[in-house]
Structures are given as structure tokens and as C-alpha cells.
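Here's model_13.cif, which has mmCIF, C-alpha atoms:
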```
data_protein
#
loop_
_atom_site.label_atom_id
_atom_site.label_comp_id
_atom_site.auth_asym_id
_atom_site.auth_seq_id
_atom_site.Cartn_x
_atom_site.Cartn_y
_atom_site.Cartn_z
CA MET A 1 -7.44 51.89 74.10
CA LYS A 2 -7.68 51.19 70.38
CA THR A 3 -9.96 48.92 68.39
CA TYR A 4 -9.09 47.27 65.10
CA LYS A 5 -11.09 46.64 61.97
CA ILE A 6 -10.57 43.11 60.71
CA ALA A 7 -11.61 41.22 57.59
CA PRO A 8 -10.74 37.51 57.23
CA PHE A 9 -10.68 35.88 53.78
CA VAL A 10 -10.33 32.37 52.35
CA VAL A 11 -9.43 31.59 48.73
CA ASP A 12 -9.67 28.10 47.22
CA ILE A 13 -6.58 27.52 45.03
CA THR A 14 -7.03 23.78 44.44
CA PRO A 15 -5.44 22.84 41.09
CA PRO A 16 -7.49 20.83 38.58
CA ILE A 17 -7.00 17.13 37.90
CA GLY A 18 -4.02 16.67 35.59
CA HIS A 19 -2.19 19.78 36.79
CA THR A 20 1.34 19.48 38.13
CA ILE A 21 1.99 19.49 41.85
CA ALA A 22 5.40 19.82 43.50
CA TYR A 23 6.42 16.17 43.14
CA GLY A 24 4.06 14.75 40.54
CA ILE A 25 0.70 15.13 38.81
CA ASN A 26 -2.59 15.83 40.55
CA GLU A 27 -4.53 12.65 39.79
CA LYS A 28 -7.01 13.05 42.64
CA ILE A 29 -8.01 15.73 45.14
CA ASP A 30 -7.26 14.41 48.59
CA SER A 31 -8.26 17.75 50.15
CA ASN A 32 -8.67 21.25 48.79
CA ILE A 33 -5.94 23.82 49.38
CA TYR A 34 -6.42 27.48 50.27
CA VAL A 35 -4.87 30.85 50.84
CA ARG A 36 -6.20 31.95 54.22
CA GLY A 37 -5.64 35.40 55.59
CA VAL A 38 -6.83 38.49 57.35
CA VAL A 39 -6.72 42.26 56.80
CA ILE A 40 -6.24 44.28 60.01
CA ASP A 41 -6.55 48.07 60.31
CA ASP A 42 -5.99 50.32 63.35
CA SER A 43 -7.09 53.47 61.43
CA LYS A 44 -3.47 54.44 60.70
CA THR A 45 -1.85 51.22 59.46
CA ARG A 46 -3.42 48.42 57.46
CA VAL A 47 -1.69 45.03 57.25
CA VAL A 48 -2.37 41.70 55.58
CA ILE A 49 -1.35 38.35 57.07
CA ALA A 50 -1.81 35.37 54.74
CA ALA A 51 -0.69 31.73 54.51
CA GLY A 52 -1.05 29.50 51.46
CA ASP A 53 -1.24 25.71 51.30
CA VAL A 54 1.63 25.60 48.79
CA LEU A 55 5.19 24.30 48.76
CA TYR A 56 6.59 27.79 48.09
CA PHE A 57 5.72 31.17 46.64
CA THR A 58 8.76 31.28 44.38
CA PHE A 59 10.68 34.06 42.62
CA SER A 60 8.45 36.77 41.11
CA ALA A 61 5.26 34.88 41.99
CA TYR A 62 5.83 35.93 45.59
CA ASP A 63 6.14 39.59 44.56
CA LYS A 64 3.10 39.43 42.28
CA ILE A 65 0.84 37.86 44.90
CA VAL A 66 2.04 40.30 47.57
CA ALA A 67 1.27 43.17 45.18
CA ALA A 68 -2.20 41.72 44.46
CA LEU A 69 -2.94 41.35 48.18
CA ALA A 70 -1.75 44.89 48.90
CA ASP A 71 -3.73 46.43 46.07
CA ALA A 72 -6.94 44.58 46.92
CA ALA A 73 -6.61 45.37 50.64
CA GLY A 74 -5.77 49.03 50.09
CA THR A 75 -2.32 48.99 51.65
CA LEU A 76 1.38 48.88 50.74
CA PRO A 77 3.31 45.72 49.74
CA GLU A 78 5.63 46.20 52.71
CA ASN A 79 2.60 45.73 54.97
CA VAL A 80 1.80 42.29 53.54
CA PHE A 81 3.04 39.20 55.41
CA LEU A 82 2.69 36.21 53.04
CA THR A 83 4.00 32.75 53.90
CA ALA A 84 3.79 29.22 52.48
CA VAL A 85 2.58 26.43 54.76
CA HIS A 86 4.95 24.14 52.78
CA GLN A 87 2.94 20.96 52.19
CA HIS A 88 4.75 18.72 49.68
CA ASP A 89 1.67 17.31 47.92
CA SER A 90 0.77 20.78 46.74
CA VAL A 91 1.76 23.25 44.06
CA GLU A 92 4.88 25.35 43.95
CA MET A 93 3.30 28.70 43.20
CA LYS A 94 5.50 30.07 40.44
CA PHE A 95 4.89 32.57 37.67
CA PRO A 96 4.27 30.56 34.45
CA GLY A 97 7.36 30.12 32.31
CA GLU A 98 9.73 31.60 34.88
CA ASP A 99 12.71 29.33 35.52
CA ASP A 100 10.85 26.10 34.83
CA PHE A 101 13.88 23.97 35.62
CA MET A 102 11.66 21.19 37.00
CA SER A 103 9.01 20.03 34.56
CA THR A 104 6.92 18.59 37.40
CA ARG A 105 6.52 22.05 38.92
CA LYS A 106 5.33 24.02 35.89
CA ILE A 107 2.25 26.15 36.52
CA ARG A 108 -0.35 26.48 33.78
CA PRO A 109 -1.04 30.12 32.85
CA GLU A 110 -4.80 29.68 33.22
CA TYR A 111 -4.39 28.24 36.74
CA TRP A 112 -2.04 31.07 37.73
CA GLU A 113 -4.39 33.74 36.39
CA LYS A 114 -7.36 32.19 38.20
CA CYS A 115 -5.47 32.08 41.50
CA LEU A 116 -4.35 35.69 41.16
CA HIS A 117 -7.86 36.83 40.18
CA ASP A 118 -9.56 34.90 42.98
CA ILE A 119 -7.13 36.15 45.63
CA ALA A 120 -7.66 39.77 44.61
CA SER A 121 -11.41 39.29 44.33
CA GLU A 122 -11.84 37.64 47.74
CA VAL A 123 -9.67 40.19 49.53
CA GLY A 124 -11.41 43.06 47.78
CA GLU A 125 -14.78 41.70 48.80
CA ALA A 126 -13.60 41.17 52.39
CA VAL A 127 -12.64 44.83 52.81
CA SER A 128 -15.56 46.32 50.91
CA GLY A 129 -17.92 46.26 53.85
CA ASN A 130 -17.33 43.07 55.76
CA PHE A 131 -15.00 44.47 58.44
CA SER A 132 -15.64 43.38 62.02
CA THR A 133 -14.52 45.34 65.08
CA VAL A 134 -11.83 43.87 67.30
CA GLU A 135 -12.08 44.87 70.94
CA HIS A 136 -9.24 42.67 72.23
CA ILE A 137 -6.26 40.77 70.92
CA ALA A 138 -5.70 37.52 72.84
CA THR A 139 -2.94 34.93 73.03
CA ALA A 140 -2.23 31.44 74.30
CA SER A 141 0.46 28.80 73.98
CA VAL A 142 0.50 25.09 74.70
CA LYS A 143 3.35 22.61 74.81
CA ILE A 144 2.71 19.58 72.57
CA ARG A 145 4.46 16.30 73.21
CA GLY A 146 4.53 13.32 70.85
CA LEU A 147 4.35 15.43 67.70
CA ALA A 148 7.47 17.16 66.32
CA SER A 149 11.17 16.34 66.66
CA ASN A 150 14.41 17.36 64.99
CA ARG A 151 15.05 15.43 61.79
CA ARG A 152 18.84 15.49 62.19
CA THR A 153 19.87 12.50 64.31
CA TYR A 154 23.34 11.37 65.34
CA ASN A 155 25.08 8.12 64.48
CA GLU A 156 27.60 6.64 66.94
CA ASP A 157 30.48 8.20 65.00
CA GLY A 158 28.87 11.65 65.23
CA SER A 159 27.72 11.74 61.62
CA ILE A 160 24.18 12.78 60.72
CA ALA A 161 21.35 10.44 59.76
CA MET A 162 18.23 12.21 58.52
CA ARG A 163 14.83 11.45 60.04
CA TYR A 164 12.80 12.62 57.07
CA SER A 165 9.05 13.18 57.24
CA MET A 166 8.14 9.60 56.29
CA CYS A 167 11.12 7.78 57.79
CA GLU A 168 10.57 4.00 57.81
CA ASP A 169 13.75 3.18 59.76
CA LEU A 170 12.57 2.26 63.27
CA GLU A 171 16.03 2.68 64.81
CA ILE A 172 16.39 6.24 63.48
CA ARG A 173 12.82 7.06 64.48
CA SER A 174 13.52 5.91 68.03
CA ARG A 175 16.42 8.33 68.52
CA PRO A 176 16.01 11.35 70.85
CA GLU A 177 13.79 14.25 69.82
CA GLY A 178 16.71 16.66 69.56
CA VAL A 179 16.30 20.42 69.30
CA TYR A 180 12.81 21.67 68.42
CA ASP A 181 10.16 24.09 69.70
CA PRO A 182 7.27 22.18 71.32
CA PHE A 183 4.91 25.15 71.61
CA LEU A 184 1.88 25.92 69.48
CA ARG A 185 1.27 29.65 69.76
CA THR A 186 -2.08 31.27 69.01
CA ILE A 187 -3.05 34.90 68.43
CA ALA A 188 -6.80 35.55 68.32
CA PHE A 189 -8.87 38.63 67.58
CA LEU A 190 -12.01 39.04 69.72
CA ASP A 191 -15.21 41.04 69.27
CA LYS A 192 -17.08 42.93 72.02
CA ASP A 193 -18.64 39.67 73.23
CA GLU A 194 -15.15 38.14 73.44
CA SER A 195 -15.97 35.71 70.63
CA VAL A 196 -13.14 34.78 68.28
CA ILE A 197 -13.39 36.52 64.91
CA THR A 198 -10.28 34.79 63.59
CA ALA A 199 -7.14 33.21 65.01
CA LEU A 200 -3.57 32.63 63.84
CA HIS A 201 -1.84 29.41 64.93
CA TYR A 202 1.98 29.12 64.69
CA TYR A 203 3.94 25.86 64.89
CA ALA A 204 7.48 25.03 63.73
CA CYS A 205 7.57 21.77 61.78
CA HIS A 206 7.56 20.41 58.25
CA PRO A 207 3.78 20.18 57.85
CA MET A 208 3.29 16.81 56.20
CA ALA A 209 2.92 13.12 56.95
CA ALA A 210 1.47 11.70 53.72
CA TYR A 211 2.93 12.83 50.40
CA HIS A 212 4.36 11.66 47.07
CA ARG A 213 0.85 10.35 46.37
CA ASN A 214 0.00 12.28 43.16
CA MET A 215 -2.94 13.97 44.84
CA VAL A 216 -3.17 17.52 46.12
CA SER A 217 -3.48 17.72 49.88
CA ALA A 218 -3.39 20.18 52.78
CA ASP A 219 -1.90 17.29 54.79
CA VAL A 220 -1.53 17.62 58.60
CA PRO A 221 -2.56 21.31 58.87
CA GLY A 222 -5.67 20.59 56.80
CA VAL A 223 -6.71 17.80 59.17
CA ALA A 224 -5.99 20.05 62.16
CA LEU A 225 -8.14 22.90 60.86
CA ARG A 226 -11.00 20.50 60.08
CA HIS A 227 -10.70 19.13 63.61
CA VAL A 228 -11.07 22.63 65.08
CA ALA A 229 -14.08 23.35 62.87
CA ASP A 230 -15.74 20.06 63.83
CA LYS A 231 -15.02 20.51 67.53
CA LEU A 232 -16.08 24.16 67.82
CA GLY A 233 -18.74 24.23 65.12
CA VAL A 234 -17.15 27.07 63.16
CA ASN A 235 -15.45 27.21 59.76
CA ASP A 236 -12.78 29.43 58.21
CA ARG A 237 -11.91 31.27 61.41
CA ASN A 238 -8.49 29.70 61.87
CA ILE A 239 -5.24 30.19 59.94
CA TYR A 240 -2.24 27.87 60.27
CA ILE A 241 1.24 29.39 59.81
CA THR A 242 4.49 27.41 59.68
CA GLY A 243 7.38 28.61 61.83
CA CYS A 244 11.06 27.71 61.56
CA GLY A 245 10.56 24.06 60.73
CA GLY A 246 13.38 23.57 58.22
CA ASN A 247 15.04 20.84 60.30
CA VAL A 248 11.95 19.56 62.16
CA THR A 249 9.45 16.85 61.15
CA PHE A 250 6.56 14.77 62.52
CA SER A 251 8.43 11.56 61.67
CA LYS A 252 9.47 10.20 65.07
CA TYR A 253 5.97 9.32 66.24
CA GLY A 254 4.45 8.13 62.95
CA PHE A 255 3.40 4.72 61.65
CA TRP A 256 5.29 4.59 58.35
CA ASP A 257 5.96 1.27 56.71
CA GLY A 258 5.55 2.34 53.09
CA SER A 259 1.85 1.55 52.98
CA GLU A 260 -0.77 4.07 51.91
CA GLU A 261 -2.91 3.07 54.89
CA ASN A 262 -0.27 4.08 57.44
CA LYS A 263 0.54 7.32 55.63
CA ILE A 264 -3.10 8.31 56.09
CA LYS A 265 -3.11 7.01 59.66
CA SER A 266 -0.07 9.16 60.48
CA ARG A 267 -1.53 12.24 58.82
CA ASP A 268 -4.82 11.98 60.69
CA PHE A 269 -3.10 11.14 63.99
CA PHE A 270 -0.84 14.19 63.85
CA GLY A 271 -3.59 16.44 62.51
CA GLU A 272 -5.88 15.61 65.41
CA ILE A 273 -3.10 16.24 67.95
CA LEU A 274 -2.34 19.60 66.36
CA GLY A 275 -6.02 20.49 66.03
CA GLU A 276 -6.74 19.61 69.65
CA ALA A 277 -3.87 21.89 70.71
CA MET A 278 -5.52 24.71 68.73
CA VAL A 279 -8.81 24.01 70.49
CA GLU A 280 -7.04 24.10 73.86
CA ASN A 281 -5.41 27.45 73.09
CA LEU A 282 -8.73 28.92 71.99
CA SER A 283 -10.29 27.84 75.29
CA ARG A 284 -7.84 29.75 77.50
CA LEU A 285 -6.94 32.96 75.73
CA GLU A 286 -5.30 35.81 77.63
CA LYS A 287 -6.57 39.24 76.57
CA HIS A 288 -4.32 42.18 75.66
CA PRO A 289 -5.18 45.77 74.73
CA CYS A 290 -5.26 46.62 71.03
CA GLY A 291 -2.23 48.86 70.75
CA PRO A 292 -0.96 50.65 67.64
CA ILE A 293 0.05 48.42 64.72
CA GLU A 294 3.71 48.86 63.76
CA VAL A 295 5.75 47.24 60.99
CA ARG A 296 9.53 47.27 61.34
CA SER A 297 12.07 45.97 58.86
CA GLU A 298 15.82 45.31 58.70
CA SER A 299 17.71 44.47 55.52
CA LEU A 300 19.93 41.38 55.70
CA GLU A 301 22.74 40.96 53.20
CA LEU A 302 23.06 37.23 52.62
CA PRO A 303 26.61 35.76 52.55
CA LEU A 304 27.22 33.64 49.48
CA GLN A 305 29.42 30.55 49.83
CA GLU A 306 32.98 31.10 48.61
CA GLY A 307 33.49 29.99 45.04
CA VAL A 308 29.80 29.67 44.25
CA THR A 309 28.91 31.26 40.92
CA ALA A 310 26.17 30.78 38.37
CA ALA A 311 28.76 29.14 36.09
CA SER A 312 29.94 26.66 38.75
CA LEU A 313 26.35 25.70 39.54
CA HIS A 314 25.56 25.34 35.85
CA LYS A 315 28.44 22.86 35.53
CA ILE A 316 26.98 20.80 38.40
CA VAL A 317 23.65 20.74 36.58
CA GLU A 318 25.34 19.58 33.36
CA ASP A 319 27.55 16.98 35.05
CA THR A 320 25.00 15.47 37.43
CA ALA A 321 21.60 16.37 35.91
CA ASN A 322 20.79 17.82 39.35
CA SER A 323 17.80 19.97 38.46
CA PHE A 324 17.59 21.38 41.99
CA MET A 325 20.92 23.13 41.40
CA ARG A 326 19.29 24.92 38.48
CA SER A 327 17.33 26.95 41.00
CA TRP A 328 20.48 28.06 42.80
CA GLU A 329 22.00 28.94 39.44
CA VAL A 330 19.06 31.26 38.86
CA VAL A 331 19.37 32.75 42.34
CA VAL A 332 23.12 33.36 42.12
CA ASP A 333 22.83 34.77 38.61
CA ASN A 334 20.36 37.30 40.03
CA TRP A 335 22.15 37.91 43.33
CA ASP A 336 21.52 41.66 43.10
CA LYS A 337 17.85 40.78 43.67
CA TYR A 338 17.99 37.65 45.83
CA GLY A 339 21.13 38.45 47.83
CA THR A 340 19.26 40.68 50.27
CA GLN A 341 16.30 39.69 52.44
CA GLU A 342 14.02 41.84 54.55
CA VAL A 343 13.41 40.55 58.08
CA ARG A 344 10.30 42.12 59.63
CA THR A 345 8.30 42.40 62.79
CA LEU A 346 4.62 43.23 63.14
CA SER A 347 3.63 44.57 66.56
CA PHE A 348 0.15 44.93 68.01
CA GLY A 349 0.95 47.41 70.76
CA ASP A 350 3.58 46.63 73.38
CA GLU A 351 2.55 43.08 74.28
CA VAL A 352 2.19 41.05 71.06
CA VAL A 353 4.71 40.81 68.22
CA LEU A 354 5.18 38.65 65.11
CA LEU A 355 8.61 37.97 63.61
CA GLU A 356 8.70 37.08 59.91
CA LEU A 357 11.70 35.10 58.66
CA PHE A 358 12.34 33.65 55.22
CA ALA A 359 13.03 30.39 53.38
CA GLU A 360 13.44 27.03 55.17
CA MET A 361 14.72 28.33 58.48
CA ALA A 362 16.39 26.11 61.10
CA VAL A 363 14.40 26.00 64.35
CA GLU A 364 17.41 27.30 66.29
CA TYR A 365 16.66 30.81 64.97
CA GLN A 366 13.13 30.68 66.34
CA LEU A 367 14.42 29.54 69.73
CA TYR A 368 16.98 32.35 69.67
CA ALA A 369 14.26 34.91 68.99
CA HIS A 370 12.20 33.63 71.92
CA SER A 371 15.24 33.85 74.19
CA LEU A 372 15.32 37.60 73.54
CA VAL A 373 11.66 38.27 74.37
CA GLN A 374 10.60 37.85 77.98
CA ASP A 375 7.84 40.42 78.41
CA ARG A 376 5.92 40.09 75.14
CA PHE A 377 4.05 37.33 73.33
CA LEU A 378 6.08 36.37 70.27
CA ALA A 379 5.08 34.22 67.29
CA VAL A 380 7.55 33.40 64.49
CA SER A 381 6.83 32.57 60.85
CA ALA A 382 9.16 31.40 58.07
CA TYR A 383 8.76 30.30 54.41
CA ASN A 384 7.96 33.69 52.91
CA GLU A 385 10.33 33.77 49.90
CA PRO A 386 12.46 30.62 49.50
CA SER A 387 15.15 31.51 46.96
CA CYS A 388 18.12 30.76 49.25
CA SER A 389 16.60 27.43 50.37
CA TYR A 390 17.77 26.28 53.82
CA VAL A 391 19.08 28.72 56.40
CA CYS A 392 21.41 26.66 58.58
CA THR A 393 23.45 27.26 61.71
CA LYS A 394 27.25 27.08 61.83
CA LYS A 395 26.98 23.81 63.72
CA MET A 396 24.90 22.27 60.93
CA TYR A 397 27.61 23.13 58.37
CA GLU A 398 30.22 21.47 60.60
CA GLU A 399 28.12 18.33 61.07
CA GLY A 400 27.01 17.88 57.48
CA GLY A 401 23.72 16.25 56.57
CA TYR A 402 21.13 17.27 54.01
CA GLU A 403 20.36 20.94 54.70
CA PRO A 404 23.90 22.42 54.34
CA THR A 405 24.26 20.70 50.95
CA THR A 406 21.16 22.39 49.51
CA THR A 407 21.88 26.04 50.25
CA CYS A 408 24.13 28.58 48.59
CA LEU A 409 24.62 30.49 51.87
CA ASP A 410 27.85 30.70 53.84
CA PRO A 411 28.00 29.75 57.56
CA GLU A 412 28.38 33.45 58.31
CA ILE A 413 24.60 33.67 57.89
CA GLU A 414 24.11 32.73 61.56
CA GLU A 415 25.96 35.72 62.94
CA ARG A 416 24.34 38.14 60.49
CA LEU A 417 20.80 36.85 60.94
CA LYS A 418 20.98 36.77 64.73
CA ALA A 419 22.20 40.38 64.74
CA VAL A 420 19.18 41.43 62.65
CA ILE A 421 16.73 39.47 64.82
CA LYS A 422 18.20 41.07 67.94
CA ALA A 423 18.01 44.57 66.46
CA LEU A 424 14.34 44.11 65.57
CA LEU A 425 13.27 42.55 68.86
CA ASP A 426 15.24 45.02 70.97
#
```
Since I need it in another form, could you write the structure as C-alpha cells?
Amino acid sequence: MKTYKIAPFVVDITPPIGHTIAYGINEKIDSNIYVRGVVIDDSKTRVVIAAGDVLYFTFSAYDKIVAALADAAGTLPENVFLTAVHQHDSVEMKFPGEDDFMSTRKIRPEYWEKCLHDIASEVGEAVSGNFSTVEHIATASVKIRGLASNRRTYNEDGSIAMRYSMCEDLEIRSRPEGVYDPFLRTIAFLDKDESVITALHYYACHPMAAYHRNMVSADVPGVALRHVADKLGVNDRNIYITGCGGNVTFSKYGFWDGSEENKIKSRDFFGEILGEAMVENLSRLEKHPCGPIEVRSESLELPLQEGVTAASLHKIVEDTANSFMRSWEVVVDNWDKYGTQEVRTLSFGDEVVLLELFAEMAVEYQLYAHSLVQDRFLAVSAYNEPSCSYVCTKKMYEEGGYEPTTTCLDPEIEERLKAVIKALLD
């Protein structure tokens, strides 16, 4: 039976007042934002798992932060699992000056350099003598009701009406929950006294309830993590990771009416539900032996929609002033780099496995992965590198709605991605 060495870290990346955030300017700090993570070593393989309270880690910023994490932790970039939590009142972490097609998302060089320096410094300090010994890995899952639901709802004629994260339409909010994953899944690392050193919590949903407020915020996950700390009397031991929540939101059960008061009420309501689920999981963990750490990877060639070229996208930008299309123009123009994604698994022995997916992944892919795994505990993350935007199913393309209109991928992606997921989990 193995033991692991483990070193958690927390890095404050809160932008200063006046800095851009994803959809505005940071006029006030609602709550600080962080990169939270952990370095785990089984004496042969060392991995890093990290999640940042950012909209995305975009383009080369993703590669640069992965490289910084790997170098500071003393491992290889392919052993780093970095994801964005995807709050909307947060920064889009992008290398300064790179493809600044949206002026509201520009990153100041001094802020970028500070974030990169602080991440490397905190990780380096964590592994320089602060390792703890893990005697057991432990897991739990709990079904949460009254929290998430699919944001794609059906009109009487079969067309799609979107239940966005702050939907004020009571009729749309009242529609059925649709397809989603109701489980919060927790993986914890325990010391010899069976105390939790750190824990990873996975849930598949857009993570916000109060945004477009010109103030940086960790939103629902931030409230949830504070709830756990207040309830259990510990800080910085828990890491929240977003699963395949591309078409899932908290909207159905909120209190939105356009008022600031009810945005905050919704955020705190959902955060406490999510936090209490974390507390429940931590109270009933099932122990597993610490088996060998293994990273596996499969390359996925992404299918580009027929007729989509950098030139055709550039014309859309010119004709419609659609700045979002500028990002797809950049992606398509660099398809040799962005046209292939690595899908990876991280196994802790035979009983616990993580599956890392990319971009804004439809929840159906997470449910498919779980259908393949009956004898192991599986947790799924998404939002690592977002260049291809939404990853839809064939059915979503046929139905229409928002997500299929904001991706450059062809419907063939479903067949290809499922084949890769199956190969990895088999």
C-alpha cells in the first residue's frame, strides 16, 4: 500500500480596482478570487491539480501558467491539470496583447506578471518542505436537488428557449429541469489520523448567480467554500472544480427580478446549498488505498464546420461587429495549434479516476463518461483550454439554440469525443 506526499496551495489573483474583468471594469471587490490547487507525489509521478476563479485561461496564457505550475512543482507540463471555474464577474486570464479583440477583457502586463510570479512562488514554497503524508484517498457523492438544471428549455413548437443564469422569465424558469448531473462528487486526501488534508469538489454547472455588476467575484463557489470553512472551522482545504456545465445553470430556482438585492439573495442561497453538500460529503467519506498515480492521454482531432475559414469569420466580424467571432477567427487561423485537444485521465490506483475535458462541455458528455464506469469513482472536469468554445451534441445542433451558434466545431465532434472518452476509461 502506497502513501502520497501532498502540498496544497492558494494564490490570491484578485485584480486591482479599475482593472478590466470579463464583462466590465472592476469598480469594487465583491470577493477575492484565487487559484487553488494541490501537488501530489507517489514517489514516481508528481501531478498538479489546480482551479482558478477566472472566466477562462485563454490561448497561450493557459500554456504559460501550466508551464509555471510544472516548473515550480518540479514536474512535467503534461502532469498539470489546470481548469477555470468560469465565474463571469472575473478576469479572462489572457497573455497581455494577445488577440485583444474585446477591449473589456484586456489584461494589464503588470497584473499578468504578478499573477504568474505569485503562482510560481506559492507552489514553489508549498513543495519546498511543506509536504504532508497521505495515508488514504477517500470519496463521497451526494445528489443535490433544487440547484442546477439544463438551460435549454423547449417551446411548444419544439424550438429552444434559453434559461440563462439570471433568467427573469418565470414561465421559462418553471419548465422541467431537463438533462443535468445532480451529483456533487468529492475526492479527499487523508492523513494518518484520517483528517482531511485537502479535498476536491466537482459539480457540473455554470458557477454564477450574480454577475454583470462591475465587481470581481467568486460568485456561488466562493460562497460555498466560505460556508464549508465556517461550518468546519478550517480554511483553504477545499478546491471547487467545474464539470461539464456548458448547458447547465442555477437559474431555475433563483429569485431574479433584475434587482441587485435578489441577485445577491440567489448567489448566497445557491452557495449555501452547494457548501452544505460539500460538508455532507466530507462527513461520510469512503476510504480507498493509495494506488500508483497514472496519467493517460488521447489526442482528439477536432472537426471544423464545413465552410468555416478565418476569412469567412473575418467577414462576419466586419459585417456585424461581432467581436466574439474575432476569437474564432484567431482559432481557425491557427488550426494547426488549436485543432487538436488532449483528453486525459488521472488515476489514483484502480478505484479513483479523474477525467479532464476541455472548453464549455455539454453535460451529456459527463453523463456518458459515468455510464462507462461502474466499478471506480469518477470525477469529471471541463474548462481547461477554451479555444473551441462550446462542445455540443448532435441533438443540440439539430435543435438550435445558443450553444451551436457559438462554436466552430462540426456535429461530428460527438462521435469522435465519445470514442476518445471510451478508450481512456476502458
Applied to this file, what does the PyMOL selection byres ((chain A and resi 406-420) around 9) return in terms of residues, put as a PyMOL selection string? chain A and resi 298-306+308+324-325+328+331-332+343+365+368-369+388-397+402-405+421-425
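Remark: for A:Pro289, the closest of the candidate residues A:His136, A:Arg175, A:Lys143, A:His19 is A:His136 (distances computed over all atoms listed in the file).
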Residue neighbourhood A:Val248, 9 Å, only C-alpha atoms, exclusion window fewer than 6 positions, as an NGL selection string: :A and (148-152 or 163-165 or 179-181 or 204-206 or 362-363)
Just how far from atom CA of A:Cys115 is atom CA of A:Ile25, in Å to one decimal? 18.2 Å
Between atom CA of A:Asn235 and atom CA of A:Ser217, what is the distance in Å, rounded to a tenth? 18.2 Å
Given the file shown, enumerate the residues that the PyMOL selection byres ((chain A and resi 38) around 10) captures and present them as a list in words.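 Checking the PyMOL selection byres ((chain A and resi 38) around 10) against this file, the residues are Ile6, Ala7, Pro8, Phe9, Val10, Arg36, Gly37, Val39, Ile40, Val47, Val48, Ile49, Ala50, Ala51, Ala73, Val123, Ala126, Val127, Thr198, Ala199, Leu200, Arg237 and Ile239 of chain A.
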Based on the selection just made, write C-alpha atoms of those residues as a PDB file, in the coordinates of the input.
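Result went into result_27.pdb, see below:
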```
ATOM      1  CA  ILE A   6     -10.570  43.110  60.710  1.00  0.00           C
ATOM      2  CA  ALA A   7     -11.610  41.220  57.590  1.00  0.00           C
ATOM      3  CA  PRO A   8     -10.740  37.510  57.230  1.00  0.00           C
ATOM      4  CA  PHE A   9     -10.680  35.880  53.780  1.00  0.00           C
ATOM      5  CA  VAL A  10     -10.330  32.370  52.350  1.00  0.00           C
ATOM      6  CA  ARG A  36      -6.200  31.950  54.220  1.00  0.00           C
ATOM      7  CA  GLY A  37      -5.640  35.400  55.590  1.00  0.00           C
ATOM      8  CA  VAL A  39      -6.720  42.260  56.800  1.00  0.00           C
ATOM      9  CA  ILE A  40      -6.240  44.280  60.010  1.00  0.00           C
ATOM     10  CA  VAL A  47      -1.690  45.030  57.250  1.00  0.00           C
ATOM     11  CA  VAL A  48      -2.370  41.700  55.580  1.00  0.00           C
ATOM     12  CA  ILE A  49      -1.350  38.350  57.070  1.00  0.00           C
ATOM     13  CA  ALA A  50      -1.810  35.370  54.740  1.00  0.00           C
ATOM     14  CA  ALA A  51      -0.690  31.730  54.510  1.00  0.00           C
ATOM     15  CA  ALA A  73      -6.610  45.370  50.640  1.00  0.00           C
ATOM     16  CA  VAL A 123      -9.670  40.190  49.530  1.00  0.00           C
ATOM     17  CA  ALA A 126     -13.600  41.170  52.390  1.00  0.00           C
ATOM     18  CA  VAL A 127     -12.640  44.830  52.810  1.00  0.00           C
ATOM     19  CA  THR A 198     -10.280  34.790  63.590  1.00  0.00           C
ATOM     20  CA  ALA A 199      -7.140  33.210  65.010  1.00  0.00           C
ATOM     21  CA  LEU A 200      -3.570  32.630  63.840  1.00  0.00           C
ATOM     22  CA  ARG A 237     -11.910  31.270  61.410  1.00  0.00           C
ATOM     23  CA  ILE A 239      -5.240  30.190  59.940  1.00  0.00           C
TER      24      ILE A 239
END
```
Evaluating the PyMOL selection byres ((chain A and resi 378) around 8) on the displayed file yields which residues, as number ranges by chain? A: 352-355, 370, 373, 376-377, 379-380
For a cut-off of 10 Å around (7.6, 41.2, 46.2), file coordinates, pick out all residues using all atoms listed in the file and list them as a PyMOL selection string. chain A and resi 59-68+77-78+80+82+385
Would you pick out the contacts of A:Phe358 at 6 Å or less, using only C-alpha atoms, so that residues sharing its chain but fewer than 6 positions from it are not included, and give the list as a count of residues only? 4
Would you fill the gaps in stretch 256-270 of chain A so it has N, CA and C atoms, then print it as a tab-separated table (two decimals), in the frame of the given file?
```tsv
chain	number	residue	atom	x	y	z
A	256	TRP	N	4.93	4.87	59.73
A	256	TRP	CA	5.29	4.59	58.35
A	256	TRP	C	5.88	3.21	58.16
A	257	ASP	N	5.37	2.53	57.15
A	257	ASP	CA	5.96	1.27	56.71
A	257	ASP	C	5.90	1.17	55.18
A	258	GLY	N	5.66	2.30	54.54
A	258	GLY	CA	5.55	2.34	53.09
A	258	GLY	C	4.15	2.16	52.57
A	259	SER	N	3.22	1.80	53.43
A	259	SER	CA	1.85	1.55	52.98
A	259	SER	C	1.04	2.84	52.95
A	260	GLU	N	0.12	2.92	52.01
A	260	GLU	CA	-0.77	4.07	51.91
A	260	GLU	C	-1.63	4.20	53.16
A	261	GLU	N	-2.05	3.06	53.70
A	261	GLU	CA	-2.91	3.07	54.89
A	261	GLU	C	-2.24	3.77	56.07
A	262	ASN	N	-0.95	3.49	56.29
A	262	ASN	CA	-0.27	4.08	57.44
A	262	ASN	C	0.18	5.51	57.18
A	263	LYS	N	0.35	5.90	55.92
A	263	LYS	CA	0.54	7.32	55.63
A	263	LYS	C	-0.68	8.11	56.09
A	264	ILE	N	-1.86	7.63	55.71
A	264	ILE	CA	-3.10	8.31	56.09
A	264	ILE	C	-3.30	8.27	57.60
A	265	LYS	N	-2.99	7.13	58.20
A	265	LYS	CA	-3.11	7.01	59.66
A	265	LYS	C	-2.22	8.02	60.36
A	266	SER	N	-0.99	8.19	59.89
A	266	SER	CA	-0.07	9.16	60.48
A	266	SER	C	-0.58	10.58	60.30
A	267	ARG	N	-1.01	10.89	59.09
A	267	ARG	CA	-1.53	12.24	58.82
A	267	ARG	C	-2.69	12.59	59.74
A	268	ASP	N	-3.65	11.69	59.86
A	268	ASP	CA	-4.82	11.98	60.69
A	268	ASP	C	-4.47	12.03	62.17
A	269	PHE	N	-3.55	11.16	62.59
A	269	PHE	CA	-3.10	11.14	63.99
A	269	PHE	C	-2.46	12.47	64.37
A	270	PHE	N	-1.52	12.93	63.55
A	270	PHE	CA	-0.84	14.19	63.85
A	270	PHE	C	-1.79	15.38	63.72
```
